[in-house]
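Engineer: I'd like to ask some things about the structure below.
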Amino acid sequence: MGFVVVLIMSAFIGGVAGYLGSLMLSKRMALIAGPLGHLTLPGITLALIYGFDVSLGAFFFVVLGIIVIWLVEMRTKLPMEAITAIVFASGVATSFLFLPEDKTVPALIGDVSQISPEAGAIAAILSLVILFVTKKIFSKMVLVSISEDLARVQGIDARKLNFIYLACIGLVVSLGVRIVGGLMTAAIVAIPACTSRNLSKNLLQYSYGGMILGSLGCVLGIGIAELTGISAGPLIVIVSTLLFLLSLIAKREET
Amino acid sequence: MPKTILKVEKLNVSFDGEEVIKDLSFEVKEGEVLVILGPNGAGKTTLLRALLGLIPYTGKFAWATENISYLPPQELLQRKGLPPLSIEDFFRFKNVSIERILKIFELVELDPSLLKRRYGALSTGQFQRIIIAWALVDDPSVLLFDEPTSGIDIGGQETIYSLLHRFWKERNLTILLVTHDLNVVWEHAETVLCMNKEKLCYGNPRKVLTPEELERIYGTGIKYYEHAHR
């Protein structure tokens with residue numbers, strides 16, 4: 001029962017992370033999921049110490065971090081990556097002041113062994129909601145990447161979209177820490193999108209490719225973890241990387 | 001008498017306290033081609049962006065239509081580092097049917113096979129035709145074009161302007177065009193607005209664009225070849 005719950009939940013989280021990742025890659029923001037993942041560490045630390053859901057703790061700190069990043073960016077016009085680096089570094093430093101030694105590994109690389117069916121179902125439903133919202137904003141965000149002026153003339157509110165987009169990233173990162181921990185969330189966002197990019201010719205193939213590959217990486221990683229007893233988080237990342245390497249070969253044969 | 005499609009009154013734009021556009025007033029009639037002329041940094045692009053409500057301004061302007069299409073200079077459109085976007089995907093941003101896309105491709109003489117090509121893989125000339133088709137695909141009544149031929153060779157420039165001229169005649173388009181190219185003014189403009197932060201001259205180019213005026217606009221002697229024909 002526990003394995004099936006984890007498998008289904010991971011497929012949903014991996015899918016939405018890959019889908020959103022394809023948008024983040026096109027906005028050159030895929031790596032921001034890394035710092036944001038690290039930013040969840042204070043939340044995960046508190047959750048592990050006081051025994052509440054890690055995604056809840058993670059989400060609170062990611063939202064806090066995103067609001068700080070968004071406000072500082074608007075006021076200073078510093079690049080978002082630079083502001084994120086400042087915010088995440090302070091988050092990591094703070095969490096290591098309090099993180100108990102025996103909780104360090106689960107906080108950093110994830111732990112799927114204690115997930116209840118209710119928590120799994122909530123994570124799957126949340127993933128579907130994020131997928132739906134991301135699908136709504138996807139093409140508009142790509143047009144904003146081409147030209148914000150052009151997008152605004154088409155009636156697109158770039159500021160509002162950016163906020164929704166950041167909220168989706170926050171949620172995906174918070175869900176992602178469940179399966180790969182605070183250290184490797186960038187992987188489930190960036191790697192499937194890179195793989196899909198190698199294999200696709202248009203936006204539809206690319207975005208849905210990211211979703212399918214994200215799901216596949218998680219399902220295979222969780223499956224191998226069940227068989228071998230190794231932690232699922234690193235296996236998900238390794239499987240996703242192998243899929244990426246295979247896509248490089250496919251791309252080379254195509255060209 | 002054609003109706004006024006744009007009326008601008010005492011438009012001012014400042015960035016960080018520096019005036020970029022000062023007390024600019026003019027109007028554009030339906031079906032008119034207005035060329036906005038001026039040296040680099042004169043505020044031409046800023047004017048278009050203000051008229052589209054993209055930047056803060058003071059003063060007044062009123063459009064008699066909402067059906068406006070805009071093309072920024074080609075170099076301001078991101079073409080690298082994007083997802084695998086096909087040309088068809090690019091046209092789908094406008095929520096138009098494939099039939100309309102194919103129709104506009106036919107009108108601007110683009111090969112429909114280009115729809116499957118990658119957005120970032122086109123030559124500058126092809127890309128310029130594509131974005132002109134993109135601007136026209138939803139049948140706008142006003143076109144705002146900023147340097148539509150920057151980076152294109154002379155032959156390509158001729159083609160682009162002939163294309164715009166054809167659409168202008170066939171569809172009774174109103175066109176506001178920013179350019180440095182005086183030939184375009186002689187060939188296509190009914191009205192010229194010369195500016196350098198403020199209005200320097202405004203009216204029929206044959207009347208207002210004297211060699212003295214050109215020197216005042218650009219601050220240096222400009223070779224003056226008026227085309228006799230249109």
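Here, A, B, ... name the chains of the structure tokens in the order displayed, residue numbers run from 1 inside each chain, and ligands are numbered from 1 in the same displayed order.
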Identify, on the basis of only C-alpha atoms, every residue whose closest approach to Val192 of chain B does not exceed 10 Å; exclude the query and any residue fewer than 4 positions from it along the same chain; express the result as an MDAnalysis selection string.
Structural biologist: chainID B and resid 33:37 176:177 185:186 201:209
Engineer: How about saving the chosen residues, C-alpha atoms kept, as an mmCIF file, in the first residue's frame?
Structural biologist:
```
data_model
loop_
_atom_site.group_PDB
_atom_site.id
_atom_site.type_symbol
_atom_site.label_atom_id
_atom_site.label_comp_id
_atom_site.auth_asym_id
_atom_site.auth_seq_id
_atom_site.Cartn_x
_atom_site.Cartn_y
_atom_site.Cartn_z
ATOM 1 C CA VAL B 33 0.806 56.776 -42.870
ATOM 2 C CA LEU B 34 2.666 58.814 -40.253
ATOM 3 C CA VAL B 35 6.431 58.465 -40.239
ATOM 4 C CA ILE B 36 8.156 59.438 -37.012
ATOM 5 C CA LEU B 37 11.619 60.719 -37.760
ATOM 6 C CA LEU B 176 2.709 54.785 -37.465
ATOM 7 C CA LEU B 177 6.232 54.024 -38.528
ATOM 8 C CA VAL B 185 9.461 59.182 -45.900
ATOM 9 C CA TRP B 186 9.533 60.293 -49.545
ATOM 10 C CA CYS B 201 8.251 69.592 -37.603
ATOM 11 C CA TYR B 202 4.926 68.039 -38.499
ATOM 12 C CA GLY B 203 3.018 67.866 -41.753
ATOM 13 C CA ASN B 204 3.387 66.878 -45.370
ATOM 14 C CA PRO B 205 7.018 65.798 -45.858
ATOM 15 C CA ARG B 206 7.287 67.724 -49.123
ATOM 16 C CA LYS B 207 6.405 70.912 -47.325
ATOM 17 C CA VAL B 208 8.082 70.519 -43.964
ATOM 18 C CA LEU B 209 11.196 68.459 -44.681
#
```
Engineer: Please check the contacts: residues of chain B at most 8 Å away from chain A, using only C-alpha atoms, listed as a list in words.
Structural biologist: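 Listed by rising number, the hits are Leu52, Leu54, Ser69, Tyr70, Leu71, Pro72, Leu76, Leu77, Gln78, Arg79, Gly81, Leu82, Pro83, Pro84, Leu85, Ser86, Asp89, Phe93, Lys94 and Arg118 of chain B.
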Engineer: Selection from above, C-alpha atoms, as a PDB file, in the first residue's frame, can you write it?
Structural biologist:
```
ATOM      1  CA  LEU B  52       0.501  51.736 -26.200  1.00  0.00           C
ATOM      2  CA  LEU B  54       3.455  50.475 -21.792  1.00  0.00           C
ATOM      3  CA  SER B  69      -0.896  45.850 -33.577  1.00  0.00           C
ATOM      4  CA  TYR B  70       2.669  46.639 -32.568  1.00  0.00           C
ATOM      5  CA  LEU B  71       6.061  45.428 -33.649  1.00  0.00           C
ATOM      6  CA  PRO B  72       9.097  46.456 -31.643  1.00  0.00           C
ATOM      7  CA  LEU B  76      14.395  43.627 -29.134  1.00  0.00           C
ATOM      8  CA  LEU B  77      12.607  40.345 -29.808  1.00  0.00           C
ATOM      9  CA  GLN B  78      14.254  37.479 -27.984  1.00  0.00           C
ATOM     10  CA  ARG B  79      15.232  34.713 -30.403  1.00  0.00           C
ATOM     11  CA  GLY B  81      17.448  30.659 -25.313  1.00  0.00           C
ATOM     12  CA  LEU B  82      13.785  29.982 -25.964  1.00  0.00           C
ATOM     13  CA  PRO B  83      12.029  26.622 -25.842  1.00  0.00           C
ATOM     14  CA  PRO B  84      11.643  24.632 -29.064  1.00  0.00           C
ATOM     15  CA  LEU B  85       9.074  27.017 -30.454  1.00  0.00           C
ATOM     16  CA  SER B  86       7.785  26.445 -33.968  1.00  0.00           C
ATOM     17  CA  ASP B  89       3.400  28.007 -32.007  1.00  0.00           C
ATOM     18  CA  PHE B  93      -0.059  33.136 -29.260  1.00  0.00           C
ATOM     19  CA  LYS B  94      -2.592  35.261 -31.138  1.00  0.00           C
ATOM     20  CA  ARG B 118      11.980  26.627 -35.362  1.00  0.00           C
TER      21      ARG B 118
END
```
Engineer: Using atom CA of Arg166 of chain B and atom CA of Ala135 of chain B as the two end points, give the distance in Å to one decimal.
Structural biologist: 14.6 Å
Engineer: Can you tell me, as a PyMOL selection string, what residues are no more than 12 Å from Leu166 of chain A when counting only C-alpha atoms, ignoring any on the same chain fewer than 6 positions away?
Structural biologist: chain A and resi 20-21+23-24+27+29-30+32-33+36+62-70+80+130+133-134+137+141+159-160+172-173
Engineer: Tell me, as a PyMOL selection string, which residues lie within 10 Å of Ser95 of chain A, counting only C-alpha atoms; anything in the same chain fewer than 5 positions away does not count.
Structural biologist: chain A and resi 38-46+90+100
Engineer: If we count only C-alpha atoms and set the cut-off at 6 Å, which residues sit around segment 7-16 of chain A, ignoring sequence neighbours fewer than 6 positions away in its own chain? Please answer as a list in words.
Structural biologist: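 Counting only C-alpha atoms, the residues come to Gly120, Ala124, Ser127, Leu131, Met211, Ile212, Gly214, Ser215, Cys218 and Val219 of chain A.
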Engineer: Please, could you write that set of residues out with C-alpha atoms as an mmCIF file, in the first residue's frame?
Structural biologist:
```
data_model
loop_
_atom_site.group_PDB
_atom_site.id
_atom_site.type_symbol
_atom_site.label_atom_id
_atom_site.label_comp_id
_atom_site.auth_asym_id
_atom_site.auth_seq_id
_atom_site.Cartn_x
_atom_site.Cartn_y
_atom_site.Cartn_z
ATOM 1 C CA GLY A 120 0.032 11.315 -0.883
ATOM 2 C CA ALA A 124 -1.288 14.409 -6.074
ATOM 3 C CA SER A 127 0.140 18.627 -8.425
ATOM 4 C CA LEU A 131 -0.407 21.578 -13.695
ATOM 5 C CA MET A 211 5.884 16.160 -17.885
ATOM 6 C CA ILE A 212 6.144 12.552 -19.115
ATOM 7 C CA GLY A 214 9.508 13.896 -15.064
ATOM 8 C CA SER A 215 6.943 11.253 -14.146
ATOM 9 C CA CYS A 218 10.286 9.462 -10.494
ATOM 10 C CA VAL A 219 8.459 6.182 -11.120
#
```
Engineer: Expressed in Å to a single decimal, how great is the separation between atom CA of Tyr57 of chain B and atom CA of Asp16 of chain B?
Structural biologist: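 It comes out at 12.4 Å.
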Engineer: Name all residues at most 9 Å from Leu108 of chain A (count only C-alpha atoms; drop same-chain ones fewer than 3 positions away) and give them as a PDB file with C-alpha atoms, in the first residue's frame.
Structural biologist:
```pdb
ATOM      1  CA  HIS A  38      17.706  24.967  -0.253  1.00  0.00           C
ATOM      2  CA  LEU A  41      15.638  23.669   4.630  1.00  0.00           C
ATOM      3  CA  LYS A 103      17.726  14.597  10.557  1.00  0.00           C
ATOM      4  CA  THR A 104      20.344  15.980   8.185  1.00  0.00           C
ATOM      5  CA  VAL A 105      20.181  13.225   5.558  1.00  0.00           C
ATOM      6  CA  VAL A 177      11.324  18.146  -1.249  1.00  0.00           C
ATOM      7  CA  VAL A 180      14.240  14.371  -3.377  1.00  0.00           C
ATOM      8  CA  GLY A 181      14.867  16.559  -0.316  1.00  0.00           C
ATOM      9  CA  GLY A 182      16.000  20.151  -0.117  1.00  0.00           C
ATOM     10  CA  LEU A 183      19.273  19.522  -1.921  1.00  0.00           C
ATOM     11  CA  MET A 184      18.124  18.172  -5.284  1.00  0.00           C
TER      12      MET A 184
END
```
Engineer: Of the candidates B:Thr159, B:Asn95, B:Gln126, B:Thr210, which shows the shortest atom-to-atom distance to Leu182 of chain B, using only C-alpha atoms?
Structural biologist: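 Looking at the shortest contact to Leu182 of chain B, the residue is B:Thr210.
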Engineer: What is the atom CA of Ile222 of chain A to atom CA of Val6 of chain A distance in Å?
Structural biologist: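 Going from atom CA of Ile222 of chain A over to atom CA of Val6 of chain A covers 7.7 Å.
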Engineer: Which of segment 15-96 of chain A counts as alpha helix (DSSP H) under DSSP, as a ChimeraX atom specification please?
Structural biologist: /A:15-26,33-39,41-50,54-76,80-96
Engineer: Go through B:Tyr119, B:Phe167, B:Phe90, B:Tyr161 one by one, measure the shortest atom-to-atom distance of each to Val142 of chain B using only C-alpha atoms, and give the residue with the smallest value.
Structural biologist: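 Among B:Tyr119, B:Phe167, B:Phe90, B:Tyr161, it is B:Phe167 that comes nearest to Val142 of chain B.
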Engineer: For Ile68 of chain B, which of A:Gly155, A:Thr195, A:Leu56, A:Ser247 is the closest residue, counting only C-alpha atoms?
Structural biologist: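 Among the listed residues, A:Gly155 lies closest to Ile68 of chain B.
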Engineer: Excluding Ile130 of chain B and residues on its chain fewer than 2 positions from it, collect all residues at most 12 Å away from it, counting only C-alpha atoms, and give them as number ranges by chain.
Structural biologist: B: 71, 74, 86-88, 90-91, 101-102, 104-112, 114-115, 117-120, 122-128, 132-137, 148, 160
Engineer: Which is closer to Val20 of chain B than all the others in B:Asp138, B:Asp146, B:Pro56, B:Thr65, using only C-alpha atoms?
Structural biologist: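 Smallest separation from Val20 of chain B among the options: B:Pro56.
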